[in-house]
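Student: Input file: my_file28.cif. Contents: mmCIF, C-alpha atoms and all ligand atoms.
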data_structure
loop_
_atom_site.label_atom_id
_atom_site.label_comp_id
_atom_site.auth_asym_id
_atom_site.auth_seq_id
_atom_site.Cartn_x
_atom_site.Cartn_y
_atom_site.Cartn_z
CA THR A 1 -19.00 110.53 54.35
CA LYS A 2 -16.58 113.20 53.19
CA HIS A 3 -12.83 113.13 53.65
CA PHE A 4 -10.69 115.91 52.25
CA PRO A 5 -7.08 115.23 51.34
CA VAL A 6 -4.56 117.40 53.11
CA ARG A 7 -1.57 118.65 51.19
CA ALA A 8 1.43 117.62 53.21
CA ARG A 9 4.28 120.08 53.67
CA GLY A 10 7.88 119.68 54.76
CA ARG A 11 8.79 116.43 56.38
CA ALA A 12 5.18 115.19 56.39
CA ALA A 13 5.30 115.20 52.59
CA LEU A 14 7.72 112.27 52.78
CA SER A 15 5.19 110.12 54.58
CA ARG A 16 3.58 107.47 52.42
CA VAL A 17 0.31 107.67 54.28
CA PRO A 18 -1.71 110.54 52.80
CA LYS A 19 -3.47 112.59 55.44
CA VAL A 20 -7.16 113.32 55.24
CA VAL A 21 -9.59 115.51 57.13
CA HIS A 22 -12.47 113.37 58.36
CA ALA A 23 -14.98 116.19 57.84
CA VAL A 24 -18.09 114.00 57.81
CA ASP A 25 -18.24 110.35 58.83
CA ASP A 26 -21.26 108.07 58.45
CA VAL A 27 -23.80 110.85 58.77
CA SER A 28 -27.31 109.71 57.94
CA LEU A 29 -30.47 111.78 57.89
CA SER A 30 -33.84 112.05 56.20
CA LEU A 31 -35.63 115.20 55.16
CA ARG A 32 -39.38 115.17 54.72
CA LYS A 33 -41.70 117.56 52.99
CA GLY A 34 -43.47 119.96 55.30
CA ARG A 35 -40.87 119.44 58.03
CA VAL A 36 -37.90 121.44 59.30
CA THR A 37 -34.90 119.38 60.37
CA ALA A 38 -32.25 121.24 62.34
CA LEU A 39 -28.63 120.19 62.17
CA VAL A 40 -26.88 121.66 65.21
CA GLY A 41 -23.22 121.78 66.14
CA GLU A 42 -20.22 124.01 66.76
CA SER A 43 -18.30 125.51 63.89
CA GLY A 44 -16.02 122.86 62.46
CA SER A 45 -18.42 120.04 63.31
CA GLY A 46 -19.03 119.31 59.63
CA LYS A 47 -22.54 120.70 59.27
CA SER A 48 -21.77 122.95 56.30
CA THR A 49 -20.03 120.03 54.64
CA VAL A 50 -23.23 118.02 55.05
CA ALA A 51 -25.16 120.85 53.34
CA ARG A 52 -22.71 120.98 50.46
CA LEU A 53 -22.80 117.22 50.08
CA LEU A 54 -26.59 117.27 50.01
CA ALA A 55 -26.48 120.04 47.42
CA GLN A 56 -23.98 117.87 45.47
CA LEU A 57 -21.55 120.77 45.30
CA TYR A 58 -18.78 118.29 45.76
CA PRO A 59 -18.54 114.55 45.48
CA ARG A 60 -18.91 112.39 48.55
CA THR A 61 -16.27 109.96 49.75
CA GLY A 62 -18.91 107.36 50.55
CA GLY A 63 -22.63 106.92 50.94
CA ASP A 64 -25.67 107.78 48.89
CA ILE A 65 -28.28 110.50 48.50
CA ARG A 66 -31.75 109.30 47.57
CA ILE A 67 -34.86 111.21 46.65
CA ASP A 68 -38.06 109.19 46.99
CA GLY A 69 -35.85 106.13 47.35
CA VAL A 70 -34.04 106.74 44.06
CA SER A 71 -30.28 107.16 44.17
CA THR A 72 -29.09 110.46 42.72
CA ALA A 73 -25.78 110.32 40.93
CA VAL A 74 -24.70 113.74 39.72
CA LYS A 75 -21.84 113.49 37.25
CA GLY A 76 -22.34 116.20 34.67
CA GLY A 77 -23.78 119.68 34.37
CA ARG A 78 -27.15 118.54 33.06
CA GLN A 79 -27.67 116.13 35.97
CA PHE A 80 -26.59 118.82 38.38
CA LYS A 81 -29.15 121.22 36.95
CA ALA A 82 -31.91 118.64 37.28
CA TYR A 83 -30.84 117.96 40.86
CA ALA A 84 -30.60 121.68 41.69
CA ARG A 85 -34.15 122.12 40.49
CA ARG A 86 -35.22 119.86 43.36
CA VAL A 87 -32.71 120.76 46.07
CA GLN A 88 -31.61 124.36 46.67
CA LEU A 89 -28.97 125.71 49.04
CA ILE A 90 -29.16 129.07 50.83
CA PHE A 91 -25.88 130.41 52.13
CA GLN A 92 -25.00 132.05 55.41
CA ASP A 93 -23.87 135.34 53.91
CA PRO A 94 -26.34 136.80 51.43
CA PHE A 95 -23.89 139.60 50.65
CA ALA A 96 -21.33 137.14 49.36
CA SER A 97 -23.81 134.99 47.45
CA LEU A 98 -25.40 137.85 45.51
CA ASN A 99 -23.38 139.51 42.77
CA PRO A 100 -22.84 143.18 43.74
CA VAL A 101 -22.97 144.41 40.12
CA HIS A 102 -26.39 142.90 39.41
CA THR A 103 -29.85 144.04 40.45
CA VAL A 104 -32.48 141.95 42.17
CA ARG A 105 -34.28 141.75 38.81
CA HIS A 106 -31.17 140.27 37.17
CA HIS A 107 -30.62 137.68 39.90
CA LEU A 108 -34.20 136.47 39.87
CA THR A 109 -34.65 136.56 36.09
CA ARG A 110 -31.52 134.52 35.61
CA ALA A 111 -32.54 131.93 38.21
CA LEU A 112 -36.01 131.60 36.68
CA LYS A 113 -34.59 131.23 33.16
CA ILE A 114 -32.09 128.57 34.25
CA HIS A 115 -35.00 126.49 35.47
CA GLY A 116 -37.26 127.34 32.53
CA ARG A 117 -39.72 129.16 34.74
CA TYR A 118 -39.46 132.76 33.56
CA GLU A 119 -42.80 134.14 32.43
CA GLY A 120 -42.16 137.85 32.38
CA GLU A 121 -42.45 140.50 35.05
CA GLN A 122 -45.30 138.66 36.73
CA SER A 123 -43.07 135.78 37.81
CA LEU A 124 -40.64 138.24 39.44
CA THR A 125 -43.45 139.93 41.36
CA GLU A 126 -44.70 136.56 42.51
CA LEU A 127 -41.27 135.48 43.77
CA LEU A 128 -40.74 138.68 45.75
CA GLY A 129 -44.26 138.33 47.15
CA ARG A 130 -43.34 134.88 48.43
CA VAL A 131 -40.53 136.37 50.52
CA GLN A 132 -42.67 139.33 51.59
CA LEU A 133 -40.76 141.99 49.66
CA THR A 134 -43.71 144.03 48.41
CA PRO A 135 -44.42 145.97 46.37
CA ALA A 136 -41.92 144.36 44.01
CA SER A 137 -41.31 147.68 42.22
CA LEU A 138 -39.55 148.89 45.36
CA TYR A 139 -36.91 146.14 45.15
CA LEU A 140 -36.53 144.91 41.58
CA ASP A 141 -34.05 147.52 40.40
CA LYS A 142 -32.00 147.68 43.57
CA TYR A 143 -28.45 146.39 43.93
CA PRO A 144 -27.49 144.15 46.86
CA HIS A 145 -25.75 147.02 48.71
CA GLU A 146 -28.97 149.06 48.61
CA LEU A 147 -30.79 146.42 50.63
CA SER A 148 -30.62 145.60 54.33
CA GLY A 149 -29.13 142.26 55.44
CA GLY A 150 -32.57 140.81 56.01
CA GLN A 151 -33.79 141.97 52.60
CA ARG A 152 -30.72 140.47 50.95
CA GLN A 153 -31.34 137.13 52.62
CA ARG A 154 -34.96 137.29 51.44
CA VAL A 155 -33.72 137.88 47.88
CA SER A 156 -31.44 134.82 48.25
CA ILE A 157 -34.43 132.80 49.41
CA ALA A 158 -36.50 134.10 46.47
CA ARG A 159 -33.72 133.08 44.11
CA ALA A 160 -33.72 129.57 45.61
CA LEU A 161 -37.50 129.41 45.21
CA ALA A 162 -37.14 130.29 41.50
CA ALA A 163 -36.29 126.62 40.96
CA ASP A 164 -39.56 125.57 42.64
CA PRO A 165 -37.55 123.11 44.76
CA GLU A 166 -38.76 120.31 47.00
CA ALA A 167 -36.00 120.86 49.56
CA LEU A 168 -34.25 123.94 50.90
CA LEU A 169 -30.90 123.59 52.61
CA ALA A 170 -30.37 126.67 54.75
CA ASP A 171 -26.81 126.92 56.08
CA GLU A 172 -26.88 129.29 59.07
CA PRO A 173 -29.37 131.51 57.20
CA VAL A 174 -29.70 134.08 59.98
CA SER A 175 -26.38 134.00 61.83
CA MET A 176 -25.00 136.98 59.87
CA LEU A 177 -28.14 139.04 60.45
CA ASP A 178 -28.99 141.45 63.26
CA VAL A 179 -30.60 139.68 66.18
CA SER A 180 -33.70 141.85 65.75
CA ILE A 181 -34.49 140.53 62.28
CA ARG A 182 -33.54 136.87 62.68
CA LEU A 183 -36.94 135.84 63.88
CA GLY A 184 -38.62 137.43 60.84
CA VAL A 185 -36.47 135.43 58.41
CA LEU A 186 -36.98 132.17 60.34
CA ASN A 187 -40.73 132.79 60.42
CA LEU A 188 -40.64 133.35 56.68
CA LEU A 189 -38.89 130.01 56.18
CA ALA A 190 -41.45 128.28 58.40
CA ASP A 191 -44.26 129.90 56.44
CA LEU A 192 -42.75 128.83 53.10
CA LYS A 193 -42.31 125.31 54.39
CA ASN A 194 -46.01 125.15 55.16
CA ARG A 195 -47.31 126.87 52.06
CA LEU A 196 -45.01 125.17 49.55
CA ASN A 197 -44.72 121.87 51.44
CA LEU A 198 -40.93 122.16 51.44
CA ALA A 199 -38.46 119.93 53.19
CA VAL A 200 -36.12 122.30 55.07
CA LEU A 201 -32.70 121.55 56.52
CA TYR A 202 -31.87 124.29 58.99
CA ILE A 203 -28.20 124.37 59.90
CA THR A 204 -27.28 126.30 63.02
CA HIS A 205 -24.94 126.48 65.99
CA ASP A 206 -27.83 127.86 68.06
CA ILE A 207 -29.72 124.98 69.63
CA ALA A 208 -32.27 127.36 71.19
CA SER A 209 -33.43 128.41 67.73
CA ALA A 210 -33.70 124.76 66.70
CA ARG A 211 -36.21 124.18 69.45
CA TYR A 212 -38.24 127.14 68.32
CA PHE A 213 -38.09 126.54 64.61
CA ALA A 214 -37.42 122.86 63.80
CA ASP A 215 -39.63 119.80 64.07
CA GLU A 216 -36.65 117.49 64.34
CA THR A 217 -33.19 118.25 65.75
CA LEU A 218 -29.98 116.41 64.93
CA VAL A 219 -26.73 117.12 66.74
CA MET A 220 -23.29 116.80 65.17
CA TYR A 221 -19.96 116.66 66.89
CA ALA A 222 -16.59 116.41 65.14
CA GLY A 223 -17.97 115.06 61.89
CA ARG A 224 -20.36 112.53 63.41
CA MET A 225 -24.00 112.65 64.35
CA VAL A 226 -24.46 112.07 68.08
CA GLU A 227 -28.15 112.56 68.83
CA GLY A 228 -31.48 113.08 67.12
CA GLY A 229 -35.18 113.21 67.75
CA ASP A 230 -38.06 115.62 67.87
CA SER A 231 -36.82 119.09 68.78
CA GLU A 232 -38.73 119.37 72.02
CA THR A 233 -37.24 116.14 73.35
CA VAL A 234 -33.67 116.73 72.20
CA THR A 235 -33.54 120.29 73.51
CA GLN A 236 -35.47 119.71 76.74
CA ARG A 237 -34.32 116.21 77.63
CA PRO A 238 -30.98 115.78 75.87
CA ALA A 239 -29.39 112.38 76.32
CA HIS A 240 -25.90 112.88 74.91
CA PRO A 241 -23.38 114.63 77.19
CA TYR A 242 -22.42 116.93 74.29
CA THR A 243 -26.03 117.98 73.67
CA HIS A 244 -26.28 118.68 77.40
CA LEU A 245 -23.33 121.00 77.11
CA LEU A 246 -24.85 122.77 74.09
CA VAL A 247 -28.22 123.21 75.75
CA HIS A 248 -26.81 124.50 79.00
CA SER A 249 -24.45 126.93 77.34
CA ALA A 250 -27.08 128.42 75.01
CA PRO A 251 -27.20 132.04 76.16
CA ASP A 252 -30.90 132.78 76.08
CA PRO A 253 -33.35 130.02 75.32
CA GLU A 254 -36.33 132.35 75.01
CA ARG A 255 -34.94 134.35 72.14
CA VAL A 256 -33.84 133.40 68.67
CA ARG A 257 -30.28 134.50 68.67
CA GLY A 258 -26.94 133.05 67.82
CA ALA A 259 -24.55 131.90 70.44
CA THR A 260 -21.20 133.01 69.13
CA GLU A 261 -19.53 130.85 71.74
CA PRO A 262 -21.84 127.89 72.28
CA ILE A 263 -19.65 126.17 74.83
CA ASP A 264 -19.31 127.93 78.15
CA GLU A 265 -16.11 128.90 79.88
CA GLU A 266 -16.06 126.03 82.34
CA ASP A 267 -15.53 123.71 79.41
CA SER A 268 -12.01 124.46 78.35
CA GLY A 269 -12.08 121.83 75.64
CA GLU A 270 -11.79 122.56 71.96
CA PRO A 271 -13.36 120.67 69.09
CA PRO A 272 -10.76 118.09 68.08
CA SER A 273 -8.68 118.10 64.95
CA LEU A 274 -10.40 116.13 62.23
CA ILE A 275 -7.10 115.19 60.63
CA ASP A 276 -6.47 112.81 63.47
CA PRO A 277 -9.83 112.55 65.27
CA PRO A 278 -10.03 110.93 68.72
CA SER A 279 -10.60 107.18 68.64
CA GLY A 280 -13.87 105.63 69.75
CA CYS A 281 -16.34 108.33 70.73
CA ARG A 282 -14.87 111.55 69.36
CA PHE A 283 -16.24 113.47 72.33
CA HIS A 284 -14.34 111.40 74.91
CA PRO A 285 -11.51 113.91 75.53
CA ARG A 286 -14.10 116.49 76.62
CA CYS A 287 -16.75 114.24 78.09
CA PRO A 288 -17.31 114.44 81.87
CA LYS A 289 -18.79 110.90 81.79
CA ALA A 290 -16.19 109.20 79.62
CA MET A 291 -15.47 105.54 80.38
CA GLU A 292 -12.78 103.20 79.09
CA VAL A 293 -14.99 101.83 76.34
CA CYS A 294 -15.48 105.33 74.96
CA ARG A 295 -11.86 105.55 73.89
CA VAL A 296 -11.93 102.18 72.19
CA ARG A 297 -15.22 101.80 70.35
CA VAL A 298 -17.40 104.10 68.30
CA PRO A 299 -20.85 104.19 69.94
CA GLU A 300 -23.72 103.15 67.70
CA ARG A 301 -27.16 104.69 67.52
CA THR A 302 -29.43 103.50 70.32
CA LEU A 303 -33.05 104.45 70.94
CA VAL A 304 -33.33 106.31 74.22
CA GLY A 305 -36.86 105.12 74.85
CA ASP A 306 -38.39 108.24 76.39
CA ALA A 307 -39.90 109.39 73.09
CA PRO A 308 -40.32 107.66 69.73
CA ASP A 309 -37.37 108.23 67.38
CA HIS A 310 -35.17 109.75 70.07
CA TRP A 311 -31.76 108.21 69.54
CA VAL A 312 -28.28 108.76 70.83
CA ALA A 313 -24.80 107.50 69.98
CA CYS A 314 -23.29 107.18 73.45
CA TRP A 315 -22.07 104.25 75.56
CA LEU A 316 -24.12 105.42 78.52
CA PHE A 317 -27.20 104.13 76.70
CA GLY A 318 -28.29 100.80 75.33
CA ASP A 319 -27.57 97.22 76.31
CA GLU A 320 -23.93 97.16 75.37
CA GLY A 321 -22.81 100.25 77.26
CA GLY A 322 -22.48 100.78 80.97
CA GLU A 323 -19.83 100.13 83.52
CA ASN A 324 -19.88 96.34 83.45
CA GLU A 325 -19.20 96.09 79.77
CA THR A 326 -16.49 98.71 80.15
CA THR A 327 -14.71 96.86 82.87
CA ALA A 328 -14.96 93.61 80.96
CA LEU A 329 -13.58 95.19 77.81
CA VAL A 330 -10.69 96.85 79.54
CA GLY A 331 -9.90 93.65 81.40
CA LYS A 332 -9.38 91.73 78.16
FE1 LIG A 401 -19.15 110.50 76.80
FE2 LIG A 401 -18.61 107.93 76.35
FE3 LIG A 401 -21.01 108.87 75.77
FE4 LIG A 401 -18.89 109.57 74.31
S1 LIG A 401 -19.75 107.52 74.49
S2 LIG A 401 -20.47 110.90 75.06
S3 LIG A 401 -17.30 109.70 75.87
S4 LIG A 401 -20.08 108.72 77.80
MG MG A 402 -20.58 126.44 58.56
#
Since I need it in another form, could you write the structure as structure tokens?
Tutor:
Amino acid sequence: TKHFPVRARGRAALSRVPKVVHAVDDVSLSLRKGRVTALVGESGSGKSTVARLLAQLYPRTGGDIRIDGVSTAVKGGRQFKAYARRVQLIFQDPFASLNPVHTVRHHLTRALKIHGRYEGEQSLTELLGRVQLTPASLYLDKYPHELSGGQRQRVSIARALAADPEALLADEPVSMLDVSIRLGVLNLLADLKNRLNLAVLYITHDIASARYFADETLVMYAGRMVEGGDSETVTQRPAHPYTHLLVHSAPDPERVRGATEPIDEEDSGEPPSLIDPPSGCRFHPRCPKAMEVCRVRVPERTLVGDAPDHWVACWLFGDEGGENETTALVGK
């Protein structure tokens, strides 16, 4: 869970109740080695916040992060370094995350030295080989602006691999890239996952690419997780009305490309404000199937039953939901 305080202005500043943005609430997920987990949602759904929490870039409001069952409490720089050796984050915009005044050689050397893994030129060549930038001599002395977007993102990935991590958190790693080269970068990540037995979190607003690339798909809406399961099931037989909307508004399921506007025009709704999120199910103001209970109670995770591990947080499913319960609840 992550809540950000909001600085109140004007008359609101007089209120005694401090406002918070409910960016992430009760999100729970597991990453496993050799598996890609996709976290899908619109912008503003909290998925980047989840990545930053998992990278321990800022403290969480509640909850825990465990590796092999052991709680990881990062308080100081040394603990952060030890954690970052195991869990690395790749950003959406490789241009912004690489320093324009430094060469590829500088970026990679520095990353290797931080993690005590620098063993001369050979280790640089090896890293670039891992991200298929060969021969290394062609790239080592280049500056970020001398590389294409795809090459820059590969350098960012190489820099993350310098730590020899167990998990890679990739926050929209291809959404800033040309459509024509997205597939190449995703295939590289899939290849690295297999060869290095990495756990990969793939964050995207493009549910079609999750089906193609991820073993497991989790869907977030307005700071909460609403559905999860194996990617084939979630993308082909979505249970949650929001996932339905995402799947049916994805522009071209056969190609790996980003939907800039994942929700189609018929749905005039907007993602809600997370300062004052809707009560109960946060999707209820936009949901075509909303019932009374949806406004009152937060739906819990329920197994859907059509495939193992396919779960949904929606009152349409499970024993407690359904019309009867709704009527009874409203009647009280
Ligand atoms: Fe729609 Fe209710 Fe399910 Fe939320 S809980 S998705 S409002 S039916
Ligand atoms: Mg984001």
Student: Distance limit 12 Å, reference ligand LIG 401 (chain A), atoms considered: all atoms listed in the file. Which residues make the cut? Give them as a PyMOL selection string.
Tutor: chain A and resi 220-222+224-227+238-245+278-302+312-318+320-323+326
Student: Tell me, in Å to one decimal, how far atom CA of A:Arg130 is from atom CA of A:Ala162.
Tutor: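 Here the two named atoms are 10.4 Å from each other.
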Student: Ligand MG 402 (chain A): which residues are within 9 Å, counting only C-alpha atoms and all ligand atoms, as a PyMOL selection string?
Tutor: chain A and resi 42-49+51+92+171-172+203-205
Student: If I take atom CA of A:His3 and atom CA of A:Met176, how far is one from the other in Å, to one decimal?
Tutor: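 According to the coordinates, atom CA of A:His3 and atom CA of A:Met176 are separated by 27.5 Å.
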Student: Would you list the contacts of A:Asn194 as a list of chain:residue names, taking every protein, DNA or RNA residue within 10 Å and counting only C-alpha atoms, but skipping same-chain residues closer than 6 positions in sequence?
Tutor: A:Lys33, A:Gly34, A:Arg35, A:Val36, A:Leu188
Student: How many Å separate atom CA of A:Leu112 from atom CA of A:Asp68?
Tutor: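 Computing the Euclidean distance for atom CA of A:Leu112 and atom CA of A:Asp68 yields 24.8 Å.
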Student: Using only C-alpha atoms, which of the listed residues (A:Asp309, A:Asp191, A:Asp25, A:Asp178) sits closest to A:Ser231?
Tutor: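 Counting only C-alpha atoms, the residue closest to A:Ser231 is A:Asp309.
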Student: Could you give me, as a PyMOL selection string, the residues within 8 Å of A:Ala163, counting all atoms listed in the file and dropping anything in the same chain fewer than 6 positions from it?
Tutor: chain A and resi 84-86+88+111-112+115+117
Student: Using only C-alpha atoms for the distances, tell me which of A:Ile157, A:Val104, A:Leu128, A:Ala307 is nearest to A:Arg237.
Tutor: A:Ala307
Student: For A:Gly223, which of A:Ser137, A:Ser273, A:Ser148, A:Gln132 is the closest residue, counting all atoms listed in the file?
Tutor: A:Ser273
